[in-house]
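Student: Next up, entry39.txt (compact mmCIF, C-alpha atoms).
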# COMPACT_ATOMS: atom_id res chain seq x y z
CA MET A 14 -74.66 -225.72 -100.52
CA THR A 15 -77.85 -226.15 -98.50
CA SER A 16 -80.73 -223.72 -98.47
CA SER A 17 -79.72 -222.56 -94.97
CA ASP A 18 -76.51 -221.14 -96.43
CA TYR A 19 -78.62 -218.49 -98.19
CA SER A 20 -80.51 -217.35 -95.07
CA PRO A 21 -78.69 -213.94 -95.12
CA PHE A 22 -80.76 -213.18 -98.24
CA ALA A 23 -84.02 -213.76 -96.34
CA HIS A 24 -84.41 -210.09 -95.39
CA LEU A 25 -84.97 -209.18 -99.05
CA THR A 26 -88.40 -210.82 -99.17
CA ALA A 27 -89.41 -210.51 -95.51
CA PRO A 28 -91.94 -207.96 -94.24
CA ASN A 29 -90.25 -204.61 -93.55
CA ALA A 30 -87.62 -205.40 -96.20
CA PRO A 31 -86.97 -201.66 -96.85
CA LEU A 32 -86.09 -201.20 -93.16
CA TYR A 33 -83.70 -204.16 -93.27
CA ARG A 34 -81.98 -202.75 -96.35
CA GLN A 35 -81.54 -199.37 -94.68
CA VAL A 36 -80.08 -200.98 -91.57
CA MET A 37 -77.57 -202.96 -93.62
CA ARG A 38 -76.60 -199.86 -95.59
CA ALA A 39 -75.97 -198.08 -92.28
CA PHE A 40 -73.50 -200.81 -91.33
CA LEU A 41 -71.78 -200.58 -94.71
CA ALA A 42 -71.43 -196.81 -94.33
CA ALA A 43 -70.00 -197.33 -90.84
CA LYS A 44 -67.52 -199.86 -92.20
CA GLU A 45 -66.25 -197.29 -94.68
CA ARG A 46 -65.54 -195.03 -91.70
CA PHE A 47 -63.70 -197.94 -90.03
CA ALA A 48 -66.40 -198.25 -87.36
CA VAL A 49 -66.69 -201.87 -86.27
CA HIS A 50 -69.67 -201.91 -83.88
CA LEU A 51 -72.92 -199.96 -83.84
CA ARG A 52 -75.48 -199.58 -81.07
CA PRO A 53 -79.22 -199.54 -81.85
CA GLU A 54 -79.50 -195.78 -81.30
CA GLU A 55 -76.56 -195.19 -83.66
CA VAL A 56 -78.22 -197.33 -86.31
CA CYS A 57 -81.49 -195.44 -85.82
CA ALA A 58 -79.74 -192.11 -86.25
CA ALA A 59 -78.17 -193.29 -89.50
CA LEU A 60 -81.53 -194.17 -91.08
CA ASP A 61 -83.32 -191.83 -93.48
CA ALA A 62 -85.32 -189.28 -91.52
CA GLY A 63 -88.39 -189.75 -93.72
CA SER A 64 -88.64 -193.50 -93.13
CA ARG A 65 -87.05 -193.83 -89.70
CA PRO A 66 -89.22 -195.75 -87.19
CA ALA A 67 -90.54 -193.60 -84.37
CA ASP A 68 -89.79 -196.31 -81.83
CA LEU A 69 -86.24 -197.51 -81.16
CA ASP A 70 -87.64 -200.95 -80.35
CA ALA A 71 -88.54 -201.40 -84.04
CA VAL A 72 -84.90 -200.88 -84.99
CA THR A 73 -83.77 -203.26 -82.25
CA GLN A 74 -86.18 -205.92 -83.50
CA ALA A 75 -84.84 -205.47 -87.04
CA LEU A 76 -81.29 -205.87 -85.74
CA ASP A 77 -82.23 -209.06 -83.91
CA LYS A 78 -83.85 -210.53 -87.03
CA LEU A 79 -80.72 -209.74 -89.04
CA VAL A 80 -78.68 -211.50 -86.35
CA GLU A 81 -81.02 -214.49 -86.65
CA TRP A 82 -80.51 -214.63 -90.42
CA GLY A 83 -76.75 -214.31 -90.08
CA ASN A 84 -76.27 -210.82 -91.52
CA LEU A 85 -75.16 -209.32 -88.21
CA ARG A 86 -73.51 -210.47 -85.01
CA ALA A 87 -74.58 -209.29 -81.57
CA ASP A 88 -72.13 -208.93 -78.71
CA PRO A 89 -72.88 -207.88 -75.11
CA ASP A 90 -72.36 -204.17 -74.60
CA HIS A 91 -70.26 -203.93 -71.44
CA ALA A 92 -68.96 -200.45 -72.15
CA ARG A 93 -71.99 -198.78 -70.59
CA VAL A 94 -72.26 -201.03 -67.53
CA THR A 95 -71.97 -198.86 -64.42
CA ALA A 96 -73.86 -200.97 -61.92
CA VAL A 97 -74.59 -204.61 -61.17
CA GLU A 98 -78.13 -204.19 -62.42
CA ASP A 99 -76.84 -203.25 -65.88
CA PHE A 100 -75.47 -206.78 -66.37
CA TYR A 101 -79.02 -208.10 -66.33
CA ARG A 102 -80.28 -205.63 -68.87
CA ARG A 103 -80.37 -206.61 -72.51
CA ARG A 104 -77.71 -204.43 -74.16
CA PHE A 105 -75.94 -205.42 -77.36
CA ILE A 106 -73.65 -203.92 -79.94
CA TYR A 107 -73.85 -205.17 -83.52
CA GLN A 108 -71.44 -205.67 -86.37
CA LEU A 109 -71.46 -207.09 -89.88
CA THR A 110 -70.73 -210.76 -90.41
CA ARG A 111 -68.81 -212.07 -93.39
CA ALA A 112 -72.03 -213.47 -94.81
CA GLY A 113 -73.84 -210.15 -94.35
CA GLU A 114 -71.03 -208.24 -96.00
CA ALA A 115 -70.98 -210.71 -98.91
CA VAL A 116 -74.73 -210.33 -99.41
CA GLU A 117 -74.45 -206.54 -99.52
CA ALA A 118 -71.59 -206.77 -102.00
CA ALA A 119 -73.71 -209.05 -104.20
CA LEU A 120 -76.68 -206.67 -103.99
CA GLY A 121 -74.44 -203.74 -104.85
CA THR A 122 -73.21 -205.55 -107.95
CA TYR A 123 -76.80 -206.44 -108.88
CA ASP A 124 -77.96 -202.82 -108.61
CA GLU A 125 -74.92 -201.58 -110.52
CA VAL A 126 -75.43 -204.00 -113.41
CA LEU A 127 -79.14 -203.24 -113.68
CA GLY A 128 -78.51 -199.51 -113.58
CA ARG A 129 -75.60 -199.53 -116.00
CA ARG A 130 -76.38 -197.96 -119.33
CA GLY A 131 -72.88 -198.62 -120.60
CA GLU A 132 -70.76 -196.63 -122.97
CA LEU A 133 -68.70 -197.12 -126.10
CA GLN A 134 -65.15 -196.56 -124.89
CA ALA A 135 -63.03 -195.27 -127.72
CA VAL A 136 -60.34 -194.37 -125.15
CA ALA A 137 -60.08 -198.05 -124.21
CA LEU A 138 -59.21 -198.84 -127.83
CA HIS A 139 -56.32 -196.36 -127.66
CA ASP A 140 -55.11 -197.90 -124.39
CA ILE A 141 -55.17 -201.42 -125.84
CA VAL A 142 -53.12 -200.26 -128.83
CA THR A 143 -50.58 -198.67 -126.49
CA GLN A 144 -50.18 -201.80 -124.36
CA LEU A 145 -49.89 -204.12 -127.37
CA ARG A 146 -47.12 -201.95 -128.78
CA ALA A 147 -45.40 -202.12 -125.40
CA LEU A 148 -45.66 -205.92 -125.49
CA LEU A 149 -44.01 -205.96 -128.91
CA VAL A 150 -41.11 -203.93 -127.52
CA ILE A 151 -40.84 -206.16 -124.44
CA ALA A 152 -40.96 -209.33 -126.51
CA ALA A 153 -38.09 -208.10 -128.69
CA GLU A 154 -35.75 -207.91 -125.68
CA ASP A 155 -33.31 -210.74 -125.01
CA GLU A 156 -34.65 -211.13 -121.48
CA PRO A 157 -38.15 -209.62 -121.23
CA ASP A 158 -38.89 -207.93 -117.92
CA PRO A 159 -41.55 -209.94 -115.99
CA ALA A 160 -42.85 -206.84 -114.19
CA LYS A 161 -43.29 -204.82 -117.40
CA THR A 162 -44.87 -207.83 -119.09
CA TYR A 163 -47.32 -208.34 -116.24
CA VAL A 164 -48.33 -204.66 -116.18
CA ALA A 165 -48.80 -204.42 -119.96
CA LEU A 166 -50.89 -207.59 -120.10
CA SER A 167 -52.91 -206.58 -117.04
CA VAL A 168 -53.76 -203.14 -118.41
CA ALA A 169 -54.56 -204.48 -121.89
CA THR A 170 -56.88 -207.23 -120.64
CA ALA A 171 -58.51 -204.98 -118.02
CA ARG A 172 -59.25 -202.27 -120.58
CA PHE A 173 -60.55 -204.91 -122.98
CA THR A 174 -62.86 -206.32 -120.29
CA ASP A 175 -64.23 -202.83 -119.57
CA LEU A 176 -64.68 -202.18 -123.28
CA ALA A 177 -66.57 -205.43 -123.90
CA ASP A 178 -68.79 -205.16 -120.80
CA ASN A 179 -69.69 -201.53 -121.39
CA ALA A 180 -70.31 -202.05 -125.09
CA ARG A 181 -72.68 -204.91 -124.31
CA ALA A 182 -74.53 -202.80 -121.73
CA PHE A 183 -74.69 -199.80 -124.08
CA MET A 184 -76.08 -201.79 -126.99
CA GLY A 185 -78.70 -203.29 -124.69
CA SER A 186 -79.77 -199.85 -123.48
CA LEU A 187 -79.69 -198.56 -127.05
CA GLN A 188 -82.07 -201.31 -128.15
CA ARG A 189 -84.43 -200.37 -125.32
CA THR A 190 -84.22 -196.78 -126.52
CA ILE A 191 -85.08 -197.85 -130.08
CA ASP A 192 -88.02 -199.83 -128.70
CA LEU A 193 -89.01 -196.71 -126.68
CA HIS A 194 -88.62 -198.55 -123.37
CA ASP A 195 -87.38 -196.74 -120.26
CA ILE A 196 -87.20 -193.38 -122.02
CA GLU A 197 -89.39 -190.34 -122.41
CA VAL A 198 -90.22 -189.10 -125.89
CA GLU A 199 -89.13 -185.54 -125.21
CA ALA A 200 -85.83 -186.72 -123.71
CA PHE A 201 -85.18 -188.93 -126.72
CA LEU A 202 -85.82 -186.15 -129.21
CA ALA A 203 -83.58 -183.83 -127.20
CA TYR A 204 -80.49 -186.03 -127.30
CA LYS A 205 -80.93 -187.97 -130.54
CA ASP A 206 -78.39 -185.83 -132.44
CA ARG A 207 -75.72 -186.34 -129.78
CA LEU A 208 -76.47 -190.05 -129.74
CA LEU A 209 -76.08 -190.35 -133.50
CA GLN A 210 -72.79 -188.41 -133.43
CA TYR A 211 -71.60 -190.61 -130.58
CA LEU A 212 -72.35 -193.77 -132.56
CA GLU A 213 -70.72 -192.48 -135.73
CA ARG A 214 -67.56 -191.43 -133.88
CA PHE A 215 -67.20 -194.78 -132.14
CA ILE A 216 -67.81 -196.69 -135.37
CA GLN A 217 -65.01 -194.72 -137.03
CA ASP A 218 -62.66 -195.39 -134.10
CA LEU A 219 -63.60 -199.06 -134.09
CA ILE A 220 -62.79 -199.35 -137.79
CA THR A 221 -59.38 -197.68 -137.53
CA LEU A 222 -58.21 -198.71 -134.06
CA GLY A 223 -59.84 -202.13 -134.20
CA GLY A 224 -57.94 -202.89 -137.39
CA ARG A 225 -54.72 -201.68 -135.81
CA ILE A 226 -55.28 -203.90 -132.76
CA ALA A 227 -55.91 -206.90 -135.00
CA LEU A 228 -52.62 -206.27 -136.82
CA LEU A 229 -50.68 -205.99 -133.54
CA ILE A 230 -52.23 -209.21 -132.23
CA GLY A 231 -51.36 -210.96 -135.48
CA GLU A 232 -47.78 -209.74 -135.30
CA LEU A 233 -47.36 -211.01 -131.76
CA GLU A 234 -48.88 -214.39 -132.56
CA GLU A 235 -47.03 -214.87 -135.86
CA GLN A 236 -43.67 -214.47 -134.13
CA GLU A 237 -44.83 -216.86 -131.36
CA ARG A 238 -44.12 -214.29 -128.69
CA VAL A 239 -47.43 -214.55 -126.85
CA GLY A 240 -46.77 -217.85 -125.06
CA PRO A 241 -43.52 -216.78 -123.35
CA LEU A 242 -45.08 -213.47 -122.31
CA LEU A 243 -48.05 -215.25 -120.77
CA TRP A 244 -45.72 -217.57 -118.85
CA LEU A 245 -43.83 -214.57 -117.49
CA ALA A 246 -47.07 -212.98 -116.29
CA ALA A 247 -48.23 -216.26 -114.76
CA ALA A 248 -44.92 -216.78 -112.94
CA ARG A 249 -45.09 -213.28 -111.48
CA GLU A 250 -48.69 -213.76 -110.40
CA ALA A 251 -47.83 -217.06 -108.68
CA ALA A 252 -44.65 -215.75 -107.08
CA ASP A 253 -46.24 -215.48 -103.63
CA ALA A 254 -47.72 -218.99 -103.62
CA ALA A 255 -46.52 -221.52 -101.06
CA PRO A 256 -43.50 -223.54 -102.27
CA GLU A 257 -45.47 -226.78 -102.47
CA ASP A 258 -48.19 -225.05 -104.53
CA ALA A 259 -45.94 -222.88 -106.73
CA GLU A 260 -45.98 -225.12 -109.81
CA TRP A 261 -49.72 -225.69 -109.63
CA ALA A 262 -50.43 -221.97 -109.04
CA GLU A 263 -48.28 -221.02 -112.03
CA ALA A 264 -50.09 -223.50 -114.28
CA VAL A 265 -53.48 -222.21 -113.15
CA ALA A 266 -52.36 -218.62 -113.67
CA TYR A 267 -51.12 -219.45 -117.17
CA GLU A 268 -54.47 -221.00 -118.10
CA ARG A 269 -56.20 -217.88 -116.87
CA TRP A 270 -53.91 -215.59 -118.87
CA ALA A 271 -54.27 -217.77 -121.95
CA ALA A 272 -58.07 -217.51 -121.70
CA ARG A 273 -57.85 -213.71 -121.37
CA TRP A 274 -55.60 -213.43 -124.40
CA SER A 275 -57.82 -215.76 -126.41
CA GLY A 276 -60.84 -213.59 -125.60
CA LEU A 277 -58.95 -210.46 -126.61
CA ALA A 278 -57.79 -211.99 -129.89
CA GLU A 279 -61.20 -213.40 -130.81
CA TRP A 280 -62.85 -210.06 -130.08
CA PHE A 281 -60.72 -208.22 -132.63
CA VAL A 282 -59.52 -210.85 -135.12
CA SER A 283 -61.87 -212.58 -137.55
CA GLU A 284 -61.27 -216.09 -138.82
CA GLU A 285 -62.73 -218.16 -141.60
CA GLY A 286 -66.30 -218.94 -140.66
CA ARG A 287 -66.26 -216.64 -137.64
CA GLU A 288 -66.58 -212.88 -137.51
CA SER A 289 -64.87 -210.99 -134.72
CA GLN A 290 -66.97 -209.42 -131.98
CA ALA A 291 -65.63 -206.02 -133.00
CA ARG A 292 -67.02 -206.47 -136.50
CA LEU A 293 -70.35 -207.70 -135.12
CA LEU A 294 -70.49 -204.71 -132.79
CA ARG A 295 -69.73 -202.40 -135.68
CA GLY A 296 -72.55 -203.97 -137.68
CA ARG A 297 -75.02 -203.58 -134.81
CA ALA A 298 -73.99 -199.98 -134.27
CA LEU A 299 -74.36 -199.21 -137.98
CA GLY A 300 -77.73 -200.95 -138.08
CA SER A 301 -78.97 -198.97 -135.10
CA ILE A 302 -78.54 -195.64 -136.89
CA PRO A 303 -81.37 -196.15 -139.45
CA GLN A 304 -83.47 -197.66 -136.67
CA LEU A 305 -83.00 -194.52 -134.60
CA LEU A 306 -83.87 -192.35 -137.59
CA ALA A 307 -87.02 -194.40 -138.14
CA VAL A 308 -88.00 -193.85 -134.50
CA VAL A 309 -87.43 -190.12 -134.91
CA ARG A 310 -89.60 -190.09 -138.04
CA GLN A 311 -92.34 -192.03 -136.25
CA LEU A 312 -92.31 -189.67 -133.28
CA ASN A 313 -92.41 -186.62 -135.54
CA GLU A 314 -95.41 -188.06 -137.35
CA ARG A 315 -97.18 -188.59 -134.07
CA ARG A 316 -96.39 -185.06 -132.93
CA ALA A 317 -97.69 -183.71 -136.26
CA GLY A 318 -101.01 -185.49 -135.71
CA ARG A 319 -100.64 -188.06 -138.47
CA SER A 320 -102.49 -191.31 -138.04
CA ASP A 321 -100.67 -194.22 -136.47
CA ARG A 322 -102.23 -197.34 -137.99
CA SER A 323 -100.78 -199.75 -135.43
CA ALA A 324 -102.08 -197.59 -132.57
CA ASP A 325 -105.51 -197.40 -134.25
CA PHE A 326 -105.70 -201.18 -134.55
CA ARG A 327 -104.69 -201.62 -130.90
CA THR A 328 -107.45 -199.22 -129.86
CA LEU A 329 -109.96 -201.04 -132.04
CA ALA A 330 -108.91 -204.38 -130.55
CA ARG A 331 -109.50 -202.97 -127.07
CA TRP A 332 -112.98 -201.82 -128.12
CA PHE A 333 -113.77 -205.29 -129.43
CA ALA A 334 -112.62 -206.85 -126.16
CA GLN A 335 -114.78 -204.42 -124.14
CA ALA A 336 -117.93 -204.88 -126.28
CA PRO A 337 -120.77 -206.38 -124.18
CA ASP A 338 -122.01 -208.95 -126.74
CA ASP A 339 -121.61 -210.26 -130.30
CA GLU A 340 -124.28 -207.91 -131.65
CA ALA A 341 -122.31 -204.91 -130.42
CA ARG A 342 -119.12 -206.37 -131.91
CA HIS A 343 -120.87 -206.82 -135.29
CA ARG A 344 -122.03 -203.19 -135.24
CA LEU A 345 -118.49 -202.09 -134.37
CA TRP A 346 -117.13 -204.17 -137.26
CA ARG A 347 -119.52 -202.57 -139.77
CA VAL A 348 -118.77 -199.05 -138.52
CA ALA A 349 -115.00 -199.57 -138.52
CA PHE A 350 -114.59 -201.30 -141.86
CA GLY A 351 -117.75 -200.34 -143.78
CA LEU A 352 -118.51 -203.97 -144.64
CA HIS A 353 -122.13 -205.10 -144.77
CA SER A 354 -123.98 -208.19 -145.85
CA SER A 355 -124.09 -209.07 -149.57
CA ARG A 356 -127.87 -209.18 -149.88
CA HIS A 357 -127.81 -206.11 -152.12
CA LEU A 358 -125.97 -208.23 -154.69
CA THR A 359 -128.97 -210.59 -154.79
CA ARG A 360 -131.28 -207.68 -155.47
CA CYS A 361 -129.03 -206.50 -158.30
CA ARG A 362 -129.05 -209.92 -159.91
CA HIS A 363 -132.86 -210.08 -159.56
CA SER A 364 -133.13 -206.62 -161.14
CA ARG A 365 -131.00 -207.64 -164.10
CA ARG A 366 -133.13 -210.73 -164.63
CA THR A 367 -136.40 -208.74 -164.62
CA ASP A 368 -134.97 -206.11 -166.95
CA SER A 369 -134.39 -208.77 -169.58
CA LEU A 370 -138.07 -209.86 -169.64
CA PRO A 371 -140.51 -208.54 -172.31
CA GLY A 372 -142.05 -205.31 -171.20
CA ALA A 373 -139.50 -204.76 -168.50
CA GLY A 374 -139.01 -201.17 -167.44
CA ARG A 375 -142.54 -200.05 -168.51
CA HIS A 376 -144.67 -198.13 -166.02
CA PRO A 377 -148.13 -199.45 -165.17
CA VAL A 378 -149.89 -196.38 -166.67
CA GLU A 379 -148.53 -197.33 -169.98
Spell out the structure here as structure tokens.

Tutor:
Amino acid sequence: MTSSDYSPFAHLTAPNAPLYRQVMRAFLAAKERFAVHLRPEEVCAALDAGSRPADLDAVTQALDKLVEWGNLRADPDHARVTAVEDFYRRRFIYQLTRAGEAVEAALGTYDEVLGRRGELQAVALHDIVTQLRALLVIAAEDEPDPAKTYVALSVATARFTDLADNARAFMGSLQRTIDLHDIEVEAFLAYKDRLLQYLERFIQDLITLGGRIALLIGELEEQERVGPLLWLAAAREAADAAPEDAEWAEAVAYERWAARWSGLAEWFVSEEGRESQARLLRGRALGSIPQLLAVVRQLNERRAGRSDRSADFRTLARWFAQAPDDEARHRLWRVAFGLHSSRHLTRCRHSRRTDSLPGAGRHPVE
């Protein structure tokens, strides 16, 4: 693809980018109401009252720029033409283009992923167990039902995908919490007990249900029932393909289902030299508990007024960096660490040498 293919993203870094984003969100909201076209005054009315431009021409200019970038399409507005003179006036109605809609969908996904804190879905573990048991029952039939097979595999892999994605997001947000990023101290102390209970409950479910899932996967694979079930699901998925593409579509669908099953199996089943992702997740969750407790202890020490050595050293380093000259830095060093030159040692040695001489220690009056 050429760089011009990404011109619908240009409004993100252009001047007045917040206005462009609001305009595009207005078109998305209109699309949800099944409204196809919008006029400039309708777009203006849909903008936030606090940031809405006072002049309608500013909105019209924003619409024209979005048309130029390919986010919107402008069509002549003939609905309000009542006289010949109206044909010569510049009146347009606007609608989303496919490129503009795709850009907004991508931005929505971007915002969702960045804002996702994730969760540890114990319910998903129960659902996966249920669907794997259903697959065992289906596989035992003389002629397995393709529809039931497709539904069971779809639900199992979808719930697994949600489980893995949310667990990854949750552990990432948990690590930021442990590092005290993106969280207030008071909020952390308020919900720490619930967080610890949440972790302990999920770890217990992961141990019991994860082991059960691994056994069910092993039972299906040992009896070589997985392959035929995947072919049934692939055939059903490719059932609507064109006749000349049916065989190819079925093969592609099978590869996709095989990859999904492989991911599911590797997530729960360990092999020699490779630990399952479930076991790794359990280890990370277990390891996060003492880390959280250490953070709590550190925060309590700070609140109690105890000295934080790392914070003291950072403050001292800032003072050194702000000192005007080396002489000031030397004075700061001596005050902070109580270290001085060793000249007093020379005097002590000289004193010991003079004390050993004849008559040493006598006063002159003697």

Student: Dump as JSON, numbers by chain all residues having an atom at most 9 Å from (-47.5, -215.1, -114.8), computed in the file's coordinates with all atoms listed in the file.

Tutor: {"A": [159, 162, 163, 242, 243, 244, 245, 246, 247, 248, 249, 250, 251, 252, 263, 264, 266, 267, 270]}

Student: Which neighbours of A:Phe333 fall inside 8 Å, counting only C-alpha atoms, when residues of the same chain fewer than 3 positions from it are skipped, and could you give them as a ChimeraX atom specification?

Tutor: /A:329-330,336,342,345

Student: Compare A:Asp338, A:Leu109, A:Pro28, A:Val80 by their minimum atom-to-atom distance to A:Ala42, counting only C-alpha atoms, and give me the closest one.

Tutor: A:Leu109

Student: May I ask which of the residues A:Arg214, A:Arg181, A:Arg65, A:Arg146 is the closest one to A:Ala165, counting all atoms listed in the file?

Tutor: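 Among the listed residues, A:Arg146 lies closest to A:Ala165.
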
Student: Could you list, as a PyMOL selection string, every residue within 12 Å of A:Leu25, counting only C-alpha atoms and ignoring same-chain residues fewer than 3 positions away?

Tutor: chain A and resi 19-22+28-35+37+79+82+84+116-117+120

Student: Using all atoms listed in the file, find all polymer residues with an atom at most 9 Å away from the point (-61.4, -198.0, -122.4); report them as a list in words.

Tutor: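 Looking at atoms near the point gives Leu133, Gln134, Ala135, Val136, Ala137, Leu138, His139, Asp140, Ile141, Ala171, Arg172, Phe173, Thr174, Asp175 and Leu176 of chain A.
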
Student: In Å, how far is it from atom CA of A:Phe281 to atom CA of A:Phe183?

Tutor: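 That distance, rounded to one decimal, is 18.4 Å.
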
Student: Work out how far atom CA of A:Ala39 is from atom CA of A:Gly121, in Å to one decimal.

Tutor: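 Result for atom CA of A:Gly121 versus atom CA of A:Ala39: 13.9 Å, one decimal.
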
Student: Edge lengths and centre in Å to one decimal, as AutoDock Vina command-line options, is what I'm after for the box along x, y and z that holds all listed atoms of stretch 232-236 of chain A once 6 Å is added on each side.

Tutor:
--center_x -46.3 --center_y -212.3 --center_z -133.8 --size_x 17.2 --size_y 17.1 --size_z 16.1

Student: Hey, which of A:Glu268, A:Glu232, A:Ala59, A:Arg327 ends up closest to A:Val150? Count only C-alpha atoms.

Tutor: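 Closest to A:Val150 of all the choices is A:Glu232.
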
Student: In Å to one decimal, how far is atom CA of A:Asp88 from atom CA of A:Gln108?

Tutor: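 A separation of 8.4 Å between them.
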
Student: Which one is closest to A:Ala271: A:Leu166, A:Val56, A:Ala71, A:Ala43? Count only C-alpha atoms.

Tutor: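 Looking at the shortest contact to A:Ala271, the residue is A:Leu166.
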
Student: Which is closer to A:Ala118 than all the others in A:Val348, A:Leu41, A:Leu212, A:Ala272, using all atoms listed in the file?

Tutor: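 Answer, going by the shortest atom-to-atom distance: A:Leu41.
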
Student: Between A:Leu222, A:Leu149, A:Met184, A:Gly276, single out the one closest to A:Glu237, counting all atoms listed in the file.

Tutor: A:Leu149
